[in-house]
Amino acid sequence: EIYGFNCLLRQDGNRNGRVAEYACYISPVGKNWGTPAAKGALKEEPVRFEKPVKGRFFRFVALKGYNNDPFASVAELDLIVK
C-alpha cells in the first residue's frame, strides 16, 4: 500500500526546471495505469493520497514546468508506504 510521496525539488536555488503541475499513477503490474492516484500543483510538502493505493509500480508525470518551461526535473522522489 502506498499512502503518498515526498518530492524534493531542485536544491540549487534555481527554479528553472522545477515541476509546477504533476500526475502520479500506481499499477500492480506496470501496465494499465488508469486514473491518477493524485494530481495537482507540486509544493514542497508531502503529497498524501485520499486513501492508500495498492500497487508495485509508480509513475510520476510532470504535466507543466515552472514558468511554463517545456522541461522539468526533481532531485529526489520517495514513496510513503506507512
# chains A, B, ... in the order shown; residues from 1 in each chain; ligands from 1

$ residues_around --residues "Tyr3 (chain A)" --least-positions-apart "3" --cutoff "9 Å" --atoms "only C-alpha atoms" --output "mmCIF file with all heavy atoms, in the first residue's frame"
data_model
loop_
_atom_site.group_PDB
_atom_site.id
_atom_site.type_symbol
_atom_site.label_atom_id
_atom_site.label_comp_id
_atom_site.auth_asym_id
_atom_site.auth_seq_id
_atom_site.Cartn_x
_atom_site.Cartn_y
_atom_site.Cartn_z
ATOM 1 N N VAL A 47 2.857 14.709 -0.520
ATOM 2 C CA VAL A 47 1.570 14.511 -1.183
ATOM 3 C C VAL A 47 0.955 13.257 -0.568
ATOM 4 O O VAL A 47 1.560 12.186 -0.619
ATOM 5 C CB VAL A 47 1.737 14.328 -2.708
ATOM 6 C CG1 VAL A 47 0.420 13.954 -3.353
ATOM 7 C CG2 VAL A 47 2.322 15.585 -3.334
ATOM 8 N N ARG A 48 -0.197 13.398 0.035
ATOM 9 C CA ARG A 48 -0.909 12.270 0.660
ATOM 10 C C ARG A 48 -2.129 11.926 -0.185
ATOM 11 O O ARG A 48 -2.909 12.809 -0.545
ATOM 12 C CB ARG A 48 -1.364 12.636 2.072
ATOM 13 C CG ARG A 48 -0.242 12.942 3.015
ATOM 14 C CD ARG A 48 0.258 11.683 3.624
ATOM 15 N NE ARG A 48 1.311 11.970 4.590
ATOM 16 C CZ ARG A 48 1.885 11.034 5.294
ATOM 17 N NH1 ARG A 48 1.505 9.786 5.156
ATOM 18 N NH2 ARG A 48 2.841 11.330 6.120
ATOM 19 N N PHE A 49 -2.284 10.636 -0.493
ATOM 20 C CA PHE A 49 -3.450 10.196 -1.236
ATOM 21 C C PHE A 49 -4.667 10.210 -0.322
ATOM 22 O O PHE A 49 -4.540 10.093 0.903
ATOM 23 C CB PHE A 49 -3.239 8.783 -1.776
ATOM 24 C CG PHE A 49 -2.044 8.645 -2.681
ATOM 25 C CD1 PHE A 49 -1.405 7.433 -2.815
ATOM 26 C CD2 PHE A 49 -1.555 9.712 -3.419
ATOM 27 C CE1 PHE A 49 -0.312 7.278 -3.649
ATOM 28 C CE2 PHE A 49 -0.466 9.582 -4.254
ATOM 29 C CZ PHE A 49 0.158 8.353 -4.367
ATOM 30 N N GLU A 50 -5.857 10.336 -0.895
ATOM 31 C CA GLU A 50 -7.086 10.321 -0.100
ATOM 32 C C GLU A 50 -7.232 9.009 0.648
ATOM 33 O O GLU A 50 -7.722 8.983 1.773
ATOM 34 C CB GLU A 50 -8.301 10.559 -0.998
ATOM 35 C CG GLU A 50 -8.378 11.967 -1.524
ATOM 36 C CD GLU A 50 -9.621 12.201 -2.354
ATOM 37 O OE1 GLU A 50 -10.614 11.460 -2.196
ATOM 38 O OE2 GLU A 50 -9.595 13.138 -3.164
ATOM 39 N N LYS A 51 -6.816 7.914 0.011
ATOM 40 C CA LYS A 51 -6.793 6.607 0.668
ATOM 41 C C LYS A 51 -5.611 5.834 0.101
ATOM 42 O O LYS A 51 -5.162 6.106 -1.022
ATOM 43 C CB LYS A 51 -8.105 5.852 0.456
ATOM 44 C CG LYS A 51 -8.445 5.599 -0.981
ATOM 45 C CD LYS A 51 -9.779 4.892 -1.101
ATOM 46 C CE LYS A 51 -10.075 4.626 -2.578
ATOM 47 N NZ LYS A 51 -11.282 3.880 -2.764
ATOM 48 N N PRO A 52 -5.072 4.860 0.842
ATOM 49 C CA PRO A 52 -3.923 4.102 0.353
ATOM 50 C C PRO A 52 -4.261 3.387 -0.963
ATOM 51 O O PRO A 52 -5.391 2.964 -1.188
ATOM 52 C CB PRO A 52 -3.659 3.084 1.458
ATOM 53 C CG PRO A 52 -4.339 3.625 2.658
ATOM 54 C CD PRO A 52 -5.483 4.445 2.174
ATOM 55 N N VAL A 53 -3.249 3.271 -1.824
ATOM 56 C CA VAL A 53 -3.420 2.614 -3.111
ATOM 57 C C VAL A 53 -2.469 1.418 -3.163
ATOM 58 O O VAL A 53 -1.287 1.548 -2.865
ATOM 59 C CB VAL A 53 -3.099 3.584 -4.273
ATOM 60 C CG1 VAL A 53 -3.294 2.896 -5.613
ATOM 61 C CG2 VAL A 53 -3.959 4.835 -4.181
ATOM 62 N N LYS A 54 -3.003 0.249 -3.533
ATOM 63 C CA LYS A 54 -2.166 -0.940 -3.643
ATOM 64 C C LYS A 54 -1.533 -0.982 -5.018
ATOM 65 O O LYS A 54 -2.199 -0.765 -6.020
ATOM 66 C CB LYS A 54 -2.986 -2.205 -3.411
ATOM 67 C CG LYS A 54 -3.413 -2.370 -1.977
ATOM 68 C CD LYS A 54 -4.078 -3.697 -1.761
ATOM 69 C CE LYS A 54 -4.444 -3.832 -0.299
ATOM 70 N NZ LYS A 54 -4.937 -5.159 0.017
ATOM 71 N N LEU A 79 8.570 7.286 -1.868
ATOM 72 C CA LEU A 79 7.197 6.857 -1.608
ATOM 73 C C LEU A 79 6.940 6.788 -0.112
ATOM 74 O O LEU A 79 7.828 6.434 0.656
ATOM 75 C CB LEU A 79 6.940 5.489 -2.236
ATOM 76 C CG LEU A 79 7.078 5.409 -3.747
ATOM 77 C CD1 LEU A 79 6.767 4.009 -4.222
ATOM 78 C CD2 LEU A 79 6.199 6.414 -4.433
ATOM 79 N N ILE A 80 5.717 7.083 0.279
ATOM 80 C CA ILE A 80 5.282 6.930 1.665
ATOM 81 C C ILE A 80 4.508 5.626 1.720
ATOM 82 O O ILE A 80 3.428 5.504 1.134
ATOM 83 C CB ILE A 80 4.394 8.119 2.107
ATOM 84 C CG1 ILE A 80 5.157 9.433 1.968
ATOM 85 C CG2 ILE A 80 3.909 7.910 3.540
ATOM 86 C CD1 ILE A 80 4.308 10.667 2.147
ATOM 87 N N VAL A 81 5.093 4.638 2.373
ATOM 88 C CA VAL A 81 4.472 3.316 2.395
ATOM 89 C C VAL A 81 3.882 2.935 3.750
ATOM 90 O O VAL A 81 3.278 1.893 3.890
ATOM 91 C CB VAL A 81 5.469 2.212 1.932
ATOM 92 C CG1 VAL A 81 5.815 2.419 0.482
ATOM 93 C CG2 VAL A 81 6.705 2.198 2.790
ATOM 94 N N LYS A 82 4.027 3.782 4.730
ATOM 95 C CA LYS A 82 3.395 3.534 6.027
ATOM 96 C C LYS A 82 3.230 4.785 6.795
ATOM 97 O O LYS A 82 3.905 5.736 6.663
ATOM 98 C CB LYS A 82 4.217 2.553 6.840
ATOM 99 C CG LYS A 82 3.406 1.886 7.896
ATOM 100 C CD LYS A 82 4.076 0.638 8.353
ATOM 101 C CE LYS A 82 3.061 -0.154 9.143
ATOM 102 N NZ LYS A 82 3.568 -1.303 9.729
#

$ select_by_dssp --residues "region 24-62 of chain A" --states "strand (DSSP E)" --output "VMD selection string"
chain A and resid 24 to 27 38 to 41 47 to 53 57 to 62

$ write_last_selection --atoms "N, CA, C and O atoms" --output "PDB file, in the first residue's frame"
ATOM      1  N   CYS A  24       0.432  11.456 -10.729  1.00  0.00           N
ATOM      2  CA  CYS A  24       1.133  10.213 -10.408  1.00  0.00           C
ATOM      3  C   CYS A  24       0.150   9.054 -10.495  1.00  0.00           C
ATOM      4  O   CYS A  24      -1.034   9.196 -10.196  1.00  0.00           O
ATOM      5  N   TYR A  25       0.674   7.933 -10.947  1.00  0.00           N
ATOM      6  CA  TYR A  25      -0.127   6.742 -11.187  1.00  0.00           C
ATOM      7  C   TYR A  25       0.509   5.566 -10.465  1.00  0.00           C
ATOM      8  O   TYR A  25       1.723   5.516 -10.309  1.00  0.00           O
ATOM      9  N   ILE A  26      -0.323   4.611 -10.075  1.00  0.00           N
ATOM     10  CA  ILE A  26       0.163   3.402  -9.424  1.00  0.00           C
ATOM     11  C   ILE A  26      -0.483   2.207 -10.121  1.00  0.00           C
ATOM     12  O   ILE A  26      -1.673   2.236 -10.430  1.00  0.00           O
ATOM     13  N   SER A  27       0.333   1.187 -10.357  1.00  0.00           N
ATOM     14  CA  SER A  27      -0.150  -0.001 -11.051  1.00  0.00           C
ATOM     15  C   SER A  27       0.403  -1.254 -10.381  1.00  0.00           C
ATOM     16  O   SER A  27       1.555  -1.255  -9.950  1.00  0.00           O
ATOM     17  N   ALA A  38      -3.063  10.776  -7.732  1.00  0.00           N
ATOM     18  CA  ALA A  38      -3.052  12.179  -7.301  1.00  0.00           C
ATOM     19  C   ALA A  38      -2.576  13.036  -8.461  1.00  0.00           C
ATOM     20  O   ALA A  38      -1.824  12.572  -9.312  1.00  0.00           O
ATOM     21  N   LYS A  39      -3.028  14.259  -8.491  1.00  0.00           N
ATOM     22  CA  LYS A  39      -2.525  15.229  -9.465  1.00  0.00           C
ATOM     23  C   LYS A  39      -2.798  16.615  -8.933  1.00  0.00           C
ATOM     24  O   LYS A  39      -3.671  16.817  -8.105  1.00  0.00           O
ATOM     25  N   GLY A  40      -1.999  17.577  -9.398  1.00  0.00           N
ATOM     26  CA  GLY A  40      -2.197  18.947  -8.948  1.00  0.00           C
ATOM     27  C   GLY A  40      -0.914  19.752  -9.019  1.00  0.00           C
ATOM     28  O   GLY A  40       0.039  19.379  -9.706  1.00  0.00           O
ATOM     29  N   ALA A  41      -0.895  20.834  -8.278  1.00  0.00           N
ATOM     30  CA  ALA A  41       0.285  21.700  -8.204  1.00  0.00           C
ATOM     31  C   ALA A  41       1.254  21.097  -7.197  1.00  0.00           C
ATOM     32  O   ALA A  41       0.871  20.746  -6.090  1.00  0.00           O
ATOM     33  N   VAL A  47       2.857  14.709  -0.520  1.00  0.00           N
ATOM     34  CA  VAL A  47       1.570  14.511  -1.183  1.00  0.00           C
ATOM     35  C   VAL A  47       0.955  13.257  -0.568  1.00  0.00           C
ATOM     36  O   VAL A  47       1.560  12.186  -0.619  1.00  0.00           O
ATOM     37  N   ARG A  48      -0.197  13.398   0.035  1.00  0.00           N
ATOM     38  CA  ARG A  48      -0.909  12.270   0.660  1.00  0.00           C
ATOM     39  C   ARG A  48      -2.129  11.926  -0.185  1.00  0.00           C
ATOM     40  O   ARG A  48      -2.909  12.809  -0.545  1.00  0.00           O
ATOM     41  N   PHE A  49      -2.284  10.636  -0.493  1.00  0.00           N
ATOM     42  CA  PHE A  49      -3.450  10.196  -1.236  1.00  0.00           C
ATOM     43  C   PHE A  49      -4.667  10.210  -0.322  1.00  0.00           C
ATOM     44  O   PHE A  49      -4.540  10.093   0.903  1.00  0.00           O
ATOM     45  N   GLU A  50      -5.857  10.336  -0.895  1.00  0.00           N
ATOM     46  CA  GLU A  50      -7.086  10.321  -0.100  1.00  0.00           C
ATOM     47  C   GLU A  50      -7.232   9.009   0.648  1.00  0.00           C
ATOM     48  O   GLU A  50      -7.722   8.983   1.773  1.00  0.00           O
ATOM     49  N   LYS A  51      -6.816   7.914   0.011  1.00  0.00           N
ATOM     50  CA  LYS A  51      -6.793   6.607   0.668  1.00  0.00           C
ATOM     51  C   LYS A  51      -5.611   5.834   0.101  1.00  0.00           C
ATOM     52  O   LYS A  51      -5.162   6.106  -1.022  1.00  0.00           O
ATOM     53  N   PRO A  52      -5.072   4.860   0.842  1.00  0.00           N
ATOM     54  CA  PRO A  52      -3.923   4.102   0.353  1.00  0.00           C
ATOM     55  C   PRO A  52      -4.261   3.387  -0.963  1.00  0.00           C
ATOM     56  O   PRO A  52      -5.391   2.964  -1.188  1.00  0.00           O
ATOM     57  N   VAL A  53      -3.249   3.271  -1.824  1.00  0.00           N
ATOM     58  CA  VAL A  53      -3.420   2.614  -3.111  1.00  0.00           C
ATOM     59  C   VAL A  53      -2.469   1.418  -3.163  1.00  0.00           C
ATOM     60  O   VAL A  53      -1.287   1.548  -2.865  1.00  0.00           O
ATOM     61  N   PHE A  57       4.179  -0.539  -8.949  1.00  0.00           N
ATOM     62  CA  PHE A  57       4.848   0.390  -9.854  1.00  0.00           C
ATOM     63  C   PHE A  57       4.279   1.788  -9.686  1.00  0.00           C
ATOM     64  O   PHE A  57       3.067   1.970  -9.536  1.00  0.00           O
ATOM     65  N   PHE A  58       5.167   2.774  -9.737  1.00  0.00           N
ATOM     66  CA  PHE A  58       4.805   4.176  -9.523  1.00  0.00           C
ATOM     67  C   PHE A  58       5.269   4.986 -10.728  1.00  0.00           C
ATOM     68  O   PHE A  58       6.419   4.858 -11.148  1.00  0.00           O
ATOM     69  N   ARG A  59       4.373   5.796 -11.276  1.00  0.00           N
ATOM     70  CA  ARG A  59       4.727   6.649 -12.420  1.00  0.00           C
ATOM     71  C   ARG A  59       4.451   8.103 -12.039  1.00  0.00           C
ATOM     72  O   ARG A  59       3.338   8.453 -11.650  1.00  0.00           O
ATOM     73  N   PHE A  60       5.482   8.935 -12.168  1.00  0.00           N
ATOM     74  CA  PHE A  60       5.365  10.363 -11.888  1.00  0.00           C
ATOM     75  C   PHE A  60       5.466  11.095 -13.222  1.00  0.00           C
ATOM     76  O   PHE A  60       6.431  10.900 -13.964  1.00  0.00           O
ATOM     77  N   VAL A  61       4.480  11.931 -13.534  1.00  0.00           N
ATOM     78  CA  VAL A  61       4.456  12.654 -14.796  1.00  0.00           C
ATOM     79  C   VAL A  61       4.434  14.155 -14.512  1.00  0.00           C
ATOM     80  O   VAL A  61       3.537  14.649 -13.824  1.00  0.00           O
ATOM     81  N   ALA A  62       5.429  14.865 -15.015  1.00  0.00           N
ATOM     82  CA  ALA A  62       5.443  16.324 -14.918  1.00  0.00           C
ATOM     83  C   ALA A  62       4.539  16.860 -16.032  1.00  0.00           C
ATOM     84  O   ALA A  62       4.843  16.691 -17.206  1.00  0.00           O
TER      85      ALA A  62
END

$ residues_around --residues "Leu42 (chain A)" --least-positions-apart "6" --cutoff "7 Å" --atoms "only C-alpha atoms" --output "PyMOL selection string"
chain A and resi 19-22

$ closest_residue --among "A:Asn67, A:Gly30, A:Ala72, A:Leu8" --to "Lys43 (chain A)" --atoms "only C-alpha atoms"
A:Leu8

$ atom_distance --atom1 "CA of Gly17 (chain A)" --atom2 "CA of Val74 (chain A)"
8.2 Å

$ closest_residue --among "A:Glu1, A:Pro46, A:Leu9, A:Ala37" --to "Ser73 (chain A)" --atoms "only C-alpha atoms"
A:Leu9

$ atom_distance --atom1 "CA of Phe71 (chain A)" --atom2 "CA of Val29 (chain A)"
27.7 Å
